[in-house]
There are 2 protein chains.
Amino acid sequence: MSAKEAYQQLFDISRKAHVLNGIECLLHWDQETYMPSGGASIRAEQMKVMASLVHSAKTSKEMRTAIDALIDIETGTVKSSQLTPAQEAAVKRWRRDFRIEAALPGWFVEEFAQLISHSQEVWKTARAQNNFDLFAPYLETVIEMCQRKADFLGYKEVPYDALIDLYEPGATTANTTKLFQAIRQPLVELLKKVSQKPKISDEFLRVTVAEPLQNQFAKKILDAMGYSFQRGNLSKSTHPFCQYMGPNDCRITTRINPNDFMSNLLVVMHEGGHALYQLQLPEEHYGSPLGDSISMAVHESQSRWWECSIGLSKPFWNHFFPLLQKDFAPVLDTIPQDNFWRAINKVEPSFIRVEADELTYPLHVILRFEMEQDLISGKLAVKDIPDAWNAKMKELLGIVPPTNTLGCLQDTHWSWGTFGYFPTYLMGNAYAAFLLETFKHENPQWDEQMSQGQFSFINDWLKKQVHQHGRQYNSDELLQNIGKKPFTAQPYIDYLQTKYSEVYQL
Amino acid sequence: MSAKEAYQQLFDISRKAHVLNGIECLLHWDQETYMPSGGASIRAEQMKVMASLVHSAKTSKEMRTAIDALIDIETGTVKSSQLTPAQEAAVKRWRRDFRIEAALPGWFVEEFAQLISHSQEVWKTARAQNNFDLFAPYLETVIEMCQRKADFLGYKEVPYDALIDLYEPGATTANTTKLFQAIRQPLVELLKKVSQKPKISDEFLRVTVAEPLQNQFAKKILDAMGYSFQRGNLSKSTHPFCQYMGPNDCRITTRINPNDFMSNLLVVMHEGGHALYQLQLPEEHYGSPLGDSISMAVHESQSRWWECSIGLSKPFWNHFFPLLQKDFAPVLDTIPQDNFWRAINKVEPSFIRVEADELTYPLHVILRFEMEQDLISGKLAVKDIPDAWNAKMKELLGIVPPTNTLGCLQDTHWSWGTFGYFPTYLMGNAYAAFLLETFKHENPQWDEQMSQGQFSFINDWLKKQVHQHGRQYNSDELLQNIGKKPFTAQPYIDYLQTKYSEVYQL
């Protein structure tokens, strides 16, 4: 068999597993959006059976043989010299994925899927009722399972390494700690300077805007971003997320508070950014690593790009603020645009991560990063989470949430068992700022263009630089290729300093 | 192994197939409700793979062995004398289902699933654009596949027998024709009498009522019926339907025309009737025939029961009309209740089956029944469908639809490949009227109770008489058990005569 044929054979086998995985994604999306609560029990069974089918497909003998024809599964030595560089990268990713998947026993994957489908429903109720005790026993089991998962996967230093690597290949607890430390110090200094400035007034952002009006405006923004409802959908869920079902079907969700329209609009931009990444992956490679996204950290660079770098920028609102005033009239009629822009960039320690300003946001992530390490290492017990959470909030942000709903119950990640995911949020912010440097350099008119309502060049640039490559490069390679220098957090720190100097006239 | 153990083993195997089937149902529901059009292509692949998995589960050696331990698959002889009557009935149904499923080759089931997922999308576009030619090539393939299906399944007289039996076990083209003939003659006579009466004025039903208001009222009705949103969901689709995902999750859809609120309310009652049947099946038997519905005709008796016998009755509106006036104020303020009741029961030949009055409705079904026979026998070619449809409309209803959208493209059944389904709509009407006789006899205060806003006794009665038995009885047995006499169409004819004599003062 030629290398070309062997590659095609592997691709075909892998594609089938992806089709199954798309079904699993639909089960998840539906559970969060339209499934009635009564459906939870049978859904957990459905999740279990689908997880098992996907796992079997990804770890089949057929798959192993097909991968091993191109790359030695044990050593990682590529066996064919006739592959293109992209294909060679792809087989390396296939090997990685296979080794991870094969490390987990089938019974474990099934049990885990069923558990998190249940724990997710319990979390929703616990969050709504501010009842941490209800959720605690489920979370205990989830954490036990995640500890076992780390053991199955293996690690060099600490179990948490195995988990974080799932979401950002190559990341470890140590190098992530180092990155976060580089960010934390300048951030805290900046925060201190900001706190000495007069408070920005933002009460006018709390006006009531009915859900249909908010929705209509969110759709205008999505349209400008390049997100089409022919290939997507906007629904509501307890925790916003983006779900990819397969080529040309990537959906987003939001949550709507009639008295906080900006929260909704920024969530929509955030999730829209995730969706555009998926929708601009090369469709012809669907099912292979070349048709897949690199990592959750790169994904987060795309969502935070749209939410913060674009959605909280002046030029964006040069175009959109007059439209907002018109559509939401009369509630913003008398607000000068500059006040609006400063208000949406107001820095203030707050309880909810996804609604935090760009300056306090990293501290929310650091909180979770530190707690996850302690939970996975066993240093922190589940019953002690609320106290530990509140103590860390006090330490990092200087405030304590009045309820667990506004504290340790706010995020969906633990109920979904995605320990190791949180750190990628901060990495993604740093990646986004790193990308933004090159973007601005290559698009010197970017602010004028956006002010005039032109946005498609942004998405085009992201497609060309990031999306079209699938997983050909890892994060470091991608960032190096784009920035022509190795990734550092410096552009992120510079970005925050420049921005908040302007917002707060430091 | 004891009979009890053998039964439990079969039940467990069957349950797994049902869990998979629930996933297939979600793919279907989603395609009709929230899937963006771009998702159609990958969805067809997902449908194909799920259909294959479900088929494999239903025809596995394991399943065959488990069934054959209790009943001879070839001869139908029950092998154990230790089964309860309900269990004995269940194993007979299992055998029937297995033989049907096993008669279809796996490749056929896969291809069929993929085809109809595609053809469904094409039908939606064709219907929206009034473009029959777009749909025709898909319909041709669907019909060819249905012809092959009939061949695989086998039949005594004509291929169509094999298809109709899928939706109403025991039904044949001959006995259905006989039943429909018994209904047709008195119906046509009644229609003639009605047509000689002055027309009923119903313009006030065409007032504009915004979608949220319609929705709100629909939910009030569903609530009264006993349909809970903890166990269901109401969404929109091109063609209304009810989808069962598994215990405690049965969803319905509607379509909303702001200028025809009654269409929406009656659709919701119709689909709600289907859903209540599924939701009141004994949950502990989920996965066995005792946890399943008898047939599409019995299902239709439940939906038409709520839509027509209840939803178009006087006592129902004694309670709901004042609420309707209040909620939709001021548009119905000046309308006397009796005028409203007569208007919603107005008889007038019209184009859309699901919106037809009770008197012309059967003729729509007869039209499809006759055309389906001709299409499956090959007597009628797909390209000739629009002309044939219009000629039959002229013959049966005296009117010709101005477009194919209002004619042969109106229903979703052909694009879904469910040839043989339509006749059950008329059977269901006749079954409903047969049941209603006993219901009224056993609940002599039924009209007073409904007038006072009491509805739960209806659902309770249906559960006791119909739902709780699952598939223990076939249609004939069930109707005989309830009515204490063999089923005939006479109660249906009597019902129509009594009702329309009152509406039109014949």
# chains A, B, ... in the order shown; residues from 1 in each chain; ligands from 1
>>> residues_around(residues="Arg93 in chain A", least_positions_apart="6", cutoff="12 Å", atoms="only C-alpha atoms", output="PDB file with C-alpha atoms, in the first residue's frame")
ATOM      1  CA  SER A  14     -10.961   8.219  11.726  1.00  0.00           C
ATOM      2  CA  ILE A  67      -1.970   4.456  12.458  1.00  0.00           C
ATOM      3  CA  LEU A  70       2.376   5.273   9.080  1.00  0.00           C
ATOM      4  CA  ILE A  71       3.939   5.909  12.467  1.00  0.00           C
ATOM      5  CA  ILE A  73       2.685   3.814  17.920  1.00  0.00           C
ATOM      6  CA  GLY A  76       6.630   7.794  17.422  1.00  0.00           C
ATOM      7  CA  VAL A  78       7.270   8.163  11.233  1.00  0.00           C
ATOM      8  CA  ALA A  86       0.984  18.443   6.923  1.00  0.00           C
ATOM      9  CA  GLN A  87       0.261  14.733   6.695  1.00  0.00           C
ATOM     10  CA  ARG A  99      -2.411   6.699  22.955  1.00  0.00           C
ATOM     11  CA  ILE A 100      -4.539   8.923  25.172  1.00  0.00           C
ATOM     12  CA  PRO A 169      -0.807  19.557  24.635  1.00  0.00           C
ATOM     13  CA  SER A 288      -8.455  14.048  10.433  1.00  0.00           C
ATOM     14  CA  PRO A 289      -6.285  16.209  12.717  1.00  0.00           C
ATOM     15  CA  LEU A 290      -5.943  18.657   9.821  1.00  0.00           C
ATOM     16  CA  GLY A 291      -9.646  19.355  10.156  1.00  0.00           C
ATOM     17  CA  ASP A 292      -9.527  19.835  13.901  1.00  0.00           C
ATOM     18  CA  SER A 293      -8.617  22.680  16.261  1.00  0.00           C
ATOM     19  CA  ILE A 294      -5.224  22.713  17.993  1.00  0.00           C
ATOM     20  CA  SER A 295      -6.134  22.997  21.635  1.00  0.00           C
ATOM     21  CA  GLY A 470      -6.088  22.515  11.584  1.00  0.00           C
ATOM     22  CA  ARG A 471      -3.674  20.739  13.909  1.00  0.00           C
ATOM     23  CA  GLN A 472      -0.702  20.871  11.554  1.00  0.00           C
ATOM     24  CA  TYR A 473       1.168  22.974  14.125  1.00  0.00           C
ATOM     25  CA  ASN A 474       1.037  22.871  17.886  1.00  0.00           C
TER      26      ASN A 474
END
>>> closest_atom_pairs(of="chain B", to="chain A", cutoff="8 Å", atoms="only C-alpha atoms", output="JSON lines")
{"residue": "B:Val19", "atom": "CA", "partner": "A:Gln46", "partner_atom": "CA", "distance": 5.9}
{"residue": "B:Leu20", "atom": "CA", "partner": "A:Gln46", "partner_atom": "CA", "distance": 6.8}
{"residue": "B:Gly22", "atom": "CA", "partner": "A:Gln46", "partner_atom": "CA", "distance": 7.6}
{"residue": "B:Ile23", "atom": "CA", "partner": "A:Gln46", "partner_atom": "CA", "distance": 6.7}
{"residue": "B:Leu26", "atom": "CA", "partner": "A:Leu27", "partner_atom": "CA", "distance": 7.8}
{"residue": "B:Leu27", "atom": "CA", "partner": "A:Ile23", "partner_atom": "CA", "distance": 7.7}
{"residue": "B:Tyr34", "atom": "CA", "partner": "A:Asn233", "partner_atom": "CA", "distance": 7.1}
{"residue": "B:Met35", "atom": "CA", "partner": "A:Asp249", "partner_atom": "CA", "distance": 7.4}
{"residue": "B:Pro36", "atom": "CA", "partner": "A:Gln230", "partner_atom": "CA", "distance": 5.2}
{"residue": "B:Ser37", "atom": "CA", "partner": "A:Gln230", "partner_atom": "CA", "distance": 5.4}
{"residue": "B:Gly38", "atom": "CA", "partner": "A:Arg231", "partner_atom": "CA", "distance": 4.8}
{"residue": "B:Gly39", "atom": "CA", "partner": "A:Asp249", "partner_atom": "CA", "distance": 4.7}
{"residue": "B:Ile42", "atom": "CA", "partner": "A:Gly246", "partner_atom": "CA", "distance": 6.3}
{"residue": "B:Glu45", "atom": "CA", "partner": "A:Val19", "partner_atom": "CA", "distance": 7.1}
{"residue": "B:Gln46", "atom": "CA", "partner": "A:Val19", "partner_atom": "CA", "distance": 5.9}
{"residue": "B:Val49", "atom": "CA", "partner": "A:Leu20", "partner_atom": "CA", "distance": 7.6}
{"residue": "B:Phe229", "atom": "CA", "partner": "A:Pro36", "partner_atom": "CA", "distance": 6.5}
{"residue": "B:Gln230", "atom": "CA", "partner": "A:Pro36", "partner_atom": "CA", "distance": 5.2}
{"residue": "B:Arg231", "atom": "CA", "partner": "A:Gly38", "partner_atom": "CA", "distance": 4.8}
{"residue": "B:Gly232", "atom": "CA", "partner": "A:Pro36", "partner_atom": "CA", "distance": 5.5}
{"residue": "B:Asn233", "atom": "CA", "partner": "A:Pro36", "partner_atom": "CA", "distance": 6.5}
{"residue": "B:Met245", "atom": "CA", "partner": "A:Gly39", "partner_atom": "CA", "distance": 7.8}
{"residue": "B:Gly246", "atom": "CA", "partner": "A:Ile42", "partner_atom": "CA", "distance": 6.3}
{"residue": "B:Pro247", "atom": "CA", "partner": "A:Ile42", "partner_atom": "CA", "distance": 6.8}
{"residue": "B:Asn248", "atom": "CA", "partner": "A:Gly38", "partner_atom": "CA", "distance": 4.8}
{"residue": "B:Asp249", "atom": "CA", "partner": "A:Gly39", "partner_atom": "CA", "distance": 4.7}
>>> write_last_selection(atoms="C-alpha atoms", output="PDB file, in the first residue's frame")
ATOM      1  CA  VAL B  19     -31.527   3.444  24.245  1.00  0.00           C
ATOM      2  CA  LEU B  20     -29.784   3.592  20.859  1.00  0.00           C
ATOM      3  CA  GLY B  22     -33.688   7.177  21.480  1.00  0.00           C
ATOM      4  CA  ILE B  23     -30.480   8.721  20.148  1.00  0.00           C
ATOM      5  CA  LEU B  26     -32.929  12.957  18.884  1.00  0.00           C
ATOM      6  CA  LEU B  27     -31.073  13.235  15.569  1.00  0.00           C
ATOM      7  CA  TYR B  34     -32.793  23.480  15.513  1.00  0.00           C
ATOM      8  CA  MET B  35     -30.277  22.012  13.073  1.00  0.00           C
ATOM      9  CA  PRO B  36     -29.002  24.724  10.725  1.00  0.00           C
ATOM     10  CA  SER B  37     -29.443  23.858   7.059  1.00  0.00           C
ATOM     11  CA  GLY B  38     -25.675  23.566   6.688  1.00  0.00           C
ATOM     12  CA  GLY B  39     -25.716  20.595   9.022  1.00  0.00           C
ATOM     13  CA  ILE B  42     -23.183  15.442   8.128  1.00  0.00           C
ATOM     14  CA  GLU B  45     -24.158  10.464   7.733  1.00  0.00           C
ATOM     15  CA  GLN B  46     -25.010  10.459  11.420  1.00  0.00           C
ATOM     16  CA  VAL B  49     -24.555   5.250  11.221  1.00  0.00           C
ATOM     17  CA  PHE B 229     -42.675  20.818  30.433  1.00  0.00           C
ATOM     18  CA  GLN B 230     -40.620  18.916  32.967  1.00  0.00           C
ATOM     19  CA  ARG B 231     -41.124  15.971  30.646  1.00  0.00           C
ATOM     20  CA  GLY B 232     -41.560  17.736  27.333  1.00  0.00           C
ATOM     21  CA  ASN B 233     -40.805  20.644  25.091  1.00  0.00           C
ATOM     22  CA  MET B 245     -36.686  10.220  23.277  1.00  0.00           C
ATOM     23  CA  GLY B 246     -37.310   7.832  26.152  1.00  0.00           C
ATOM     24  CA  PRO B 247     -39.078   7.848  29.536  1.00  0.00           C
ATOM     25  CA  ASN B 248     -39.998  11.336  30.730  1.00  0.00           C
ATOM     26  CA  ASP B 249     -38.861  13.049  27.541  1.00  0.00           C
TER      27      ASP B 249
END
>>> closest_residue(among="B:Thr172, B:Gln120, B:Asn130, B:Ser60", to="Pro423 in chain B", atoms="only C-alpha atoms")
B:Thr172
>>> residues_around(residues="Leu426 in chain A", least_positions_apart="3", cutoff="9 Å", atoms="only C-alpha atoms", output="ChimeraX atom specification")
/A:180,297,300-301,361-362,365-366,422-423,429-431
>>> write_last_selection(atoms="C-alpha atoms", output="short mmCIF file (atom, residue, chain, number, x, y, z; two decimals), in the first residue's frame")
data_model
loop_
_atom_site.label_atom_id
_atom_site.label_comp_id
_atom_site.auth_asym_id
_atom_site.auth_seq_id
_atom_site.Cartn_x
_atom_site.Cartn_y
_atom_site.Cartn_z
CA PHE A 180 0.83 32.67 35.23
CA ALA A 297 -5.98 27.39 24.68
CA GLU A 300 -9.78 30.46 23.82
CA SER A 301 -7.47 32.83 21.96
CA TYR A 361 -10.36 37.86 34.74
CA PRO A 362 -6.91 36.22 35.00
CA VAL A 365 -8.57 31.59 36.31
CA ILE A 366 -5.63 31.44 38.69
CA PHE A 422 -9.50 26.22 33.24
CA PRO A 423 -5.83 27.20 32.80
CA ASN A 429 -5.88 35.49 26.60
CA ALA A 430 -2.12 35.68 26.32
CA TYR A 431 -2.16 33.95 22.93
#
>>> residues_around(residues="range 131-148 of chain A", least_positions_apart="5", cutoff="8 Å", atoms="only C-alpha atoms", output="list in words")
Phe112, Leu115, Ile116, Ser119, Val122, Trp123, Thr125, Ala126, Pro159, Leu163, Leu375, Ile376, Ser377, Val382, Lys383, Pro386, Asn404, Thr405, Leu409, Trp414, Ser415, Gly417 and Phe419 of chain A
>>> residues_around(residues="range 190-202 of chain B", least_positions_apart="5", cutoff="9 Å", atoms="only C-alpha atoms", output="PDB file with N, CA and C atoms, in the first residue's frame")
ATOM      1  N   GLN B 185     -69.253   6.762   2.253  1.00  0.00           N
ATOM      2  CA  GLN B 185     -70.601   7.025   1.753  1.00  0.00           C
ATOM      3  C   GLN B 185     -71.399   7.928   2.695  1.00  0.00           C
ATOM      4  N   ASN B 339     -70.901  31.346  18.460  1.00  0.00           N
ATOM      5  CA  ASN B 339     -70.384  31.654  17.117  1.00  0.00           C
ATOM      6  C   ASN B 339     -68.967  31.119  16.954  1.00  0.00           C
ATOM      7  N   PHE B 340     -68.186  31.279  18.037  1.00  0.00           N
ATOM      8  CA  PHE B 340     -66.812  30.780  18.008  1.00  0.00           C
ATOM      9  C   PHE B 340     -66.803  29.267  17.805  1.00  0.00           C
ATOM     10  N   ARG B 342     -69.059  27.319  16.562  1.00  0.00           N
ATOM     11  CA  ARG B 342     -69.499  26.943  15.210  1.00  0.00           C
ATOM     12  C   ARG B 342     -68.408  27.261  14.194  1.00  0.00           C
ATOM     13  N   ALA B 343     -67.712  28.373  14.392  1.00  0.00           N
ATOM     14  CA  ALA B 343     -66.663  28.774  13.438  1.00  0.00           C
ATOM     15  C   ALA B 343     -65.510  27.777  13.420  1.00  0.00           C
ATOM     16  N   ILE B 344     -65.108  27.312  14.610  1.00  0.00           N
ATOM     17  CA  ILE B 344     -63.972  26.374  14.612  1.00  0.00           C
ATOM     18  C   ILE B 344     -64.396  25.008  14.086  1.00  0.00           C
ATOM     19  N   ASN B 345     -65.722  24.797  13.967  1.00  0.00           N
ATOM     20  CA  ASN B 345     -66.209  23.543  13.410  1.00  0.00           C
ATOM     21  C   ASN B 345     -66.769  23.710  12.006  1.00  0.00           C
ATOM     22  N   LYS B 346     -66.495  24.844  11.418  1.00  0.00           N
ATOM     23  CA  LYS B 346     -66.982  25.113  10.064  1.00  0.00           C
ATOM     24  C   LYS B 346     -66.470  24.059   9.086  1.00  0.00           C
ATOM     25  N   VAL B 347     -67.377  23.606   8.242  1.00  0.00           N
ATOM     26  CA  VAL B 347     -66.996  22.619   7.236  1.00  0.00           C
ATOM     27  C   VAL B 347     -66.766  23.331   5.906  1.00  0.00           C
ATOM     28  N   GLU B 348     -65.606  23.130   5.362  1.00  0.00           N
ATOM     29  CA  GLU B 348     -65.304  23.753   4.066  1.00  0.00           C
ATOM     30  C   GLU B 348     -64.113  23.020   3.454  1.00  0.00           C
ATOM     31  N   LEU B 359     -64.982  16.778   8.933  1.00  0.00           N
ATOM     32  CA  LEU B 359     -65.815  16.122   7.916  1.00  0.00           C
ATOM     33  C   LEU B 359     -65.055  15.930   6.600  1.00  0.00           C
ATOM     34  N   THR B 360     -64.206  16.880   6.264  1.00  0.00           N
ATOM     35  CA  THR B 360     -63.446  16.730   5.013  1.00  0.00           C
ATOM     36  C   THR B 360     -62.104  16.027   5.254  1.00  0.00           C
ATOM     37  N   LEU B 496     -70.026  11.956  13.923  1.00  0.00           N
ATOM     38  CA  LEU B 496     -69.995  13.046  12.938  1.00  0.00           C
ATOM     39  C   LEU B 496     -71.410  13.550  12.662  1.00  0.00           C
ATOM     40  N   GLN B 497     -72.338  12.610  12.548  1.00  0.00           N
ATOM     41  CA  GLN B 497     -73.716  13.031  12.255  1.00  0.00           C
ATOM     42  C   GLN B 497     -74.292  13.871  13.388  1.00  0.00           C
ATOM     43  N   TYR B 500     -72.326  17.409  13.547  1.00  0.00           N
ATOM     44  CA  TYR B 500     -72.573  18.392  12.493  1.00  0.00           C
ATOM     45  C   TYR B 500     -74.047  18.737  12.353  1.00  0.00           C
ATOM     46  N   SER B 501     -74.907  17.847  12.859  1.00  0.00           N
ATOM     47  CA  SER B 501     -76.326  18.227  12.924  1.00  0.00           C
ATOM     48  C   SER B 501     -76.476  19.410  13.862  1.00  0.00           C
ATOM     49  N   TYR B 504     -74.620  22.635  12.232  1.00  0.00           N
ATOM     50  CA  TYR B 504     -75.317  23.193  11.069  1.00  0.00           C
ATOM     51  C   TYR B 504     -76.836  23.151  11.201  1.00  0.00           C
ATOM     52  N   GLN B 505     -77.299  22.768  12.384  1.00  0.00           N
ATOM     53  CA  GLN B 505     -78.735  22.635  12.617  1.00  0.00           C
ATOM     54  C   GLN B 505     -79.424  21.917  11.456  1.00  0.00           C
ATOM     55  N   LEU B 506     -78.913  20.714  11.161  1.00  0.00           N
ATOM     56  CA  LEU B 506     -79.460  19.931  10.037  1.00  0.00           C
ATOM     57  C   LEU B 506     -80.835  19.390  10.412  1.00  0.00           C
TER      58      LEU B 506
END
>>> closest_atom_pairs(of="range 295-352 of chain B", to="range 450-460 of chain B", cutoff="9 Å", atoms="only C-alpha atoms", output="tab-separated table")
residue	atom	partner	partner_atom	distance
B:Lys314	CA	B:Ser451	CA	8.2
B:Pro315	CA	B:Ser451	CA	4.7
B:Phe316	CA	B:Met450	CA	5.7
B:Trp317	CA	B:Ser451	CA	7.3
B:Asn318	CA	B:Ser451	CA	4.9
B:His319	CA	B:Ser451	CA	4.9
B:Phe320	CA	B:Gly453	CA	7.8
